[in-house]
Structure formats: structure tokens, C-alpha cells
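Undergrad: My questions will all concern the structure given below.
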Amino acid sequence: MKNIAVLVSGGGTNLQALIDAQNSGVIKSGKIVLVISNNSDAYALQRAKKADIKTCVCSKKELNASFEDRLIEIIEGNKIDVIVLAGFMCILSEKFTSHFADRIINVHPSLIPAFCGKGFYGLRVHEAALEYGVKVTGATVHFVNEIPDGGKIIMQKAVEIKDGDTPEILQKRVMEEAEWKILPLSLEKVCSELE
């Protein structure tokens, strides 16, 4: 059984999808033992507490240059095998990503390589997809390396764009139809294949 840490910054809807998947048996090769947030007001922390999962706040604003060192310390101190970035609004350096090579996964709300990389997060991704006029978007779960959204792809799922979609409507559909499905499946796959 692998120990999983989920890193969050906001509401924690992807965290909730992971908690639900763990409870329903989709995730069976790992257990979420820690939720870390860079934001003490993140609602995701309440979700974790409700699910009886240990929480920790590690503020980049307060720690500045020592932020990643403290994050590594917390992760290693809790014997974490796999790290999930679930709406974690901090870009991590090569020092951090190489320290946990092939053990960090992220969900991105587009079909990489479209609408990804620096500056593409949250609603911006869906705004760009609609502006460009693509007919299909989706979500991608990938390993994290030093390049934003640049790691090896684990899983993708397409979502149709409909007439009348706004960025907010599209964001919700991508979450419900893609992110919340492939993130737990990818996490189970990574946990089950990890040495």
C-alpha cells in the first residue's frame, strides 16, 4: 500500500474525487495519508479533515526560498510514495521534481499538448479552447517534471465542446466527465506499478 500526499491550493474538488474513489475501491494500491496546501484558507483542507486525513499548510509566501526544502521535509517525514498535484497553484522547480522523479502526477484541464504550459491554468485553459474554436477538449493526467505540463502522459479523456459553452460551463463539464474519472484511475495505476 503506497502512501499518497495530495497538494492543493483551493476548493479541492479533485481531492474530493480522489477521496470518493478511495472509499469506493477504485484506488486500492494506495492511501491518501496527507493533504498539503500552500493556502491556509483552502476549502480542500476542510474536505481532508472531514475524511480524517492529516493536513499541513506550507506557505510559499511565508517561507520564500525555503518553501521547497520544507515541502520535501514534510513529504519525506510522512514517508510519502506518490504525490498528486490537484489544483496546486505553485510551479515546482527541477530540484523538487527530480527529487521525486516519476512519483508526482498532475491533472491538467486540456488534451496536452493543447492549451498547456506556463500561464495555462484554471479558467484560462477553457477560455483559450473556446477562443480557438476547438470542437473537443478534455483532461490529461501526466507525470510532473521541471517543464510546466511537460511530463510523460499517463491518461487522457476527451470532452465535447457544445454550442453555448462558456469557460465556466466547460470547466465544470471537463471536471465531471474527465478530471474526476481519469485522476483516480491514473493514481491507482501509478501506485500499482511503483516499485
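Simple scheme: letters A, B, ... for chains in C-alpha cells order, numbers from 1 for residues in each chain, numbers from 1 for ligands in the order shown.
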For Lys172 of chain A, list every protein, DNA or RNA residue within 12 Å, evaluated using only C-alpha atoms, and leave out those in the same chain fewer than 6 positions away; present the list as a ChimeraX atom specification.

TA: /A:13-14,109,122-123,126,138-139,159,161,165-166,178-180

Undergrad: In segment 7-188 of chain A, what's alpha helix (DSSP H) per DSSP? Answer as number ranges by chain?

TA: A: 13-24, 43-50, 60-63, 67-77, 94-99, 123-132, 167-174, 180-188

Undergrad: Check the smallest atom-to-atom distance from each of A:Ser40, A:Ser29, A:Asn106, A:Thr55 to Asp81 of chain A using only C-alpha atoms, then report the winner.

TA: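 Looking at the shortest contact to Asp81 of chain A, the residue is A:Ser29.
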
Undergrad: Would you pick out the contacts of Arg70 of chain A at 12 Å or less, using only C-alpha atoms, so that residues sharing its chain but fewer than 3 positions from it are not included, and give the list as JSON, numbers by chain?

TA: {"A": [36, 38, 56, 57, 58, 59, 60, 62, 63, 64, 65, 66, 67, 73, 74, 75, 76, 77, 96]}

Undergrad: Measuring atom to atom with only C-alpha atoms, identify which of A:Ile80, A:Leu194, A:Ile91, A:Val125 is nearest to Val35 of chain A.

TA: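 Closest residue, counting only C-alpha atoms: A:Ile80.
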
Undergrad: Which residues come within 8 Å of Leu34 of chain A, counting only C-alpha atoms, excluding same-chain residues fewer than 5 positions away, as a PDB file with N, CA, C and O atoms, in the first residue's frame?

TA:
```pdb
ATOM      1  N   ILE A   4       0.082   8.260  -0.129  1.00  0.00           N
ATOM      2  CA  ILE A   4      -0.178   9.324  -1.091  1.00  0.00           C
ATOM      3  C   ILE A   4      -0.322  10.658  -0.371  1.00  0.00           C
ATOM      4  O   ILE A   4      -1.019  10.751   0.648  1.00  0.00           O
ATOM      5  N   ALA A   5       0.314  11.701  -0.933  1.00  0.00           N
ATOM      6  CA  ALA A   5       0.099  13.075  -0.471  1.00  0.00           C
ATOM      7  C   ALA A   5      -0.564  13.832  -1.618  1.00  0.00           C
ATOM      8  O   ALA A   5      -0.167  13.677  -2.770  1.00  0.00           O
ATOM      9  N   VAL A   6      -1.574  14.630  -1.299  1.00  0.00           N
ATOM     10  CA  VAL A   6      -2.250  15.451  -2.302  1.00  0.00           C
ATOM     11  C   VAL A   6      -1.956  16.907  -1.975  1.00  0.00           C
ATOM     12  O   VAL A   6      -2.174  17.356  -0.850  1.00  0.00           O
ATOM     13  N   ILE A  53      -8.125  12.828   7.192  1.00  0.00           N
ATOM     14  CA  ILE A  53      -6.798  12.795   6.582  1.00  0.00           C
ATOM     15  C   ILE A  53      -5.979  13.927   7.187  1.00  0.00           C
ATOM     16  O   ILE A  53      -6.450  15.057   7.316  1.00  0.00           O
ATOM     17  N   LYS A  54      -4.756  13.621   7.563  1.00  0.00           N
ATOM     18  CA  LYS A  54      -3.837  14.599   8.151  1.00  0.00           C
ATOM     19  C   LYS A  54      -3.612  15.760   7.169  1.00  0.00           C
ATOM     20  O   LYS A  54      -3.473  15.542   5.972  1.00  0.00           O
ATOM     21  N   THR A  55      -3.573  16.984   7.688  1.00  0.00           N
ATOM     22  CA  THR A  55      -3.350  18.155   6.841  1.00  0.00           C
ATOM     23  C   THR A  55      -2.137  18.952   7.312  1.00  0.00           C
ATOM     24  O   THR A  55      -1.729  18.852   8.479  1.00  0.00           O
ATOM     25  N   CYS A  56      -1.622  19.739   6.396  1.00  0.00           N
ATOM     26  CA  CYS A  56      -0.464  20.562   6.697  1.00  0.00           C
ATOM     27  C   CYS A  56      -0.492  21.788   5.783  1.00  0.00           C
ATOM     28  O   CYS A  56      -0.850  21.670   4.608  1.00  0.00           O
ATOM     29  N   ASN A  78       6.685  12.090   6.243  1.00  0.00           N
ATOM     30  CA  ASN A  78       5.443  11.307   6.266  1.00  0.00           C
ATOM     31  C   ASN A  78       5.528  10.059   5.386  1.00  0.00           C
ATOM     32  O   ASN A  78       4.520   9.419   5.116  1.00  0.00           O
TER      33      ASN A  78
END
```

Undergrad: Can you tell me which residues surround segment 114-121 of chain A at a distance of at most 10 Å, considering only C-alpha atoms, apart from same-chain residues fewer than 3 positions away, and format the answer as a PyMOL selection string?

TA: chain A and resi 87+89+91+108-111+124-129+132+134+137-138+147-150

Undergrad: Go ahead and write the residues just picked, N, CA and C atoms, as a compact mmCIF listing (two decimals), in the first residue's frame.

TA:
```txt
# COMPACT_ATOMS: atom_id res chain seq x y z
N GLY A 87 -4.86 20.89 -8.38
CA GLY A 87 -5.16 22.31 -8.27
C GLY A 87 -4.16 23.00 -7.36
N MET A 89 -1.42 25.55 -7.03
CA MET A 89 -1.05 26.72 -7.83
C MET A 89 0.37 27.23 -7.58
N ILE A 91 4.36 26.55 -9.18
CA ILE A 91 5.25 25.85 -10.11
C ILE A 91 6.43 25.35 -9.28
N HIS A 108 -4.34 18.14 -15.73
CA HIS A 108 -4.42 19.41 -16.46
C HIS A 108 -5.71 19.42 -17.28
N PRO A 109 -6.46 20.54 -17.28
CA PRO A 109 -7.78 20.56 -17.93
C PRO A 109 -7.78 20.81 -19.44
N SER A 110 -6.89 20.11 -20.15
CA SER A 110 -6.93 20.13 -21.62
C SER A 110 -6.26 18.85 -22.10
N LEU A 111 -6.34 18.62 -23.40
CA LEU A 111 -5.65 17.49 -24.00
C LEU A 111 -4.25 17.96 -24.39
N ARG A 124 -8.40 29.99 -17.62
CA ARG A 124 -7.63 30.44 -18.80
C ARG A 124 -7.57 29.36 -19.87
N VAL A 125 -7.46 28.10 -19.43
CA VAL A 125 -7.37 26.98 -20.37
C VAL A 125 -8.65 26.89 -21.19
N HIS A 126 -9.80 26.98 -20.51
CA HIS A 126 -11.09 26.84 -21.19
C HIS A 126 -11.40 28.06 -22.06
N GLU A 127 -10.99 29.23 -21.60
CA GLU A 127 -11.15 30.45 -22.42
C GLU A 127 -10.38 30.30 -23.73
N ALA A 128 -9.15 29.80 -23.63
CA ALA A 128 -8.31 29.62 -24.82
C ALA A 128 -8.91 28.59 -25.78
N ALA A 129 -9.43 27.49 -25.24
CA ALA A 129 -10.04 26.45 -26.08
C ALA A 129 -11.24 27.02 -26.84
N TYR A 132 -10.15 29.59 -29.52
CA TYR A 132 -9.52 28.93 -30.67
C TYR A 132 -10.55 28.21 -31.53
N VAL A 134 -11.82 25.05 -30.90
CA VAL A 134 -11.71 23.59 -30.97
C VAL A 134 -13.06 22.94 -30.67
N THR A 137 -12.16 19.10 -26.27
CA THR A 137 -11.12 19.40 -25.29
C THR A 137 -11.06 18.19 -24.36
N GLY A 138 -10.66 18.37 -23.12
CA GLY A 138 -10.62 17.22 -22.22
C GLY A 138 -9.68 17.46 -21.06
N ILE A 147 9.35 21.09 -16.55
CA ILE A 147 8.64 21.87 -17.57
C ILE A 147 7.15 21.86 -17.25
N PRO A 148 6.51 23.04 -17.08
CA PRO A 148 5.07 23.04 -16.79
C PRO A 148 4.27 22.23 -17.82
N ASP A 149 3.55 21.22 -17.35
CA ASP A 149 2.75 20.32 -18.19
C ASP A 149 3.60 19.55 -19.20
N GLY A 150 4.89 19.35 -18.88
CA GLY A 150 5.81 18.74 -19.84
C GLY A 150 6.14 17.28 -19.62
```

Undergrad: Nearest to Glu195 of chain A among A:Val144, A:Val8, A:Ala17, A:Val82, with distances taken over only C-alpha atoms: which residue is it?

TA: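 With only C-alpha atoms as the atom set, the closest residue is A:Val82.
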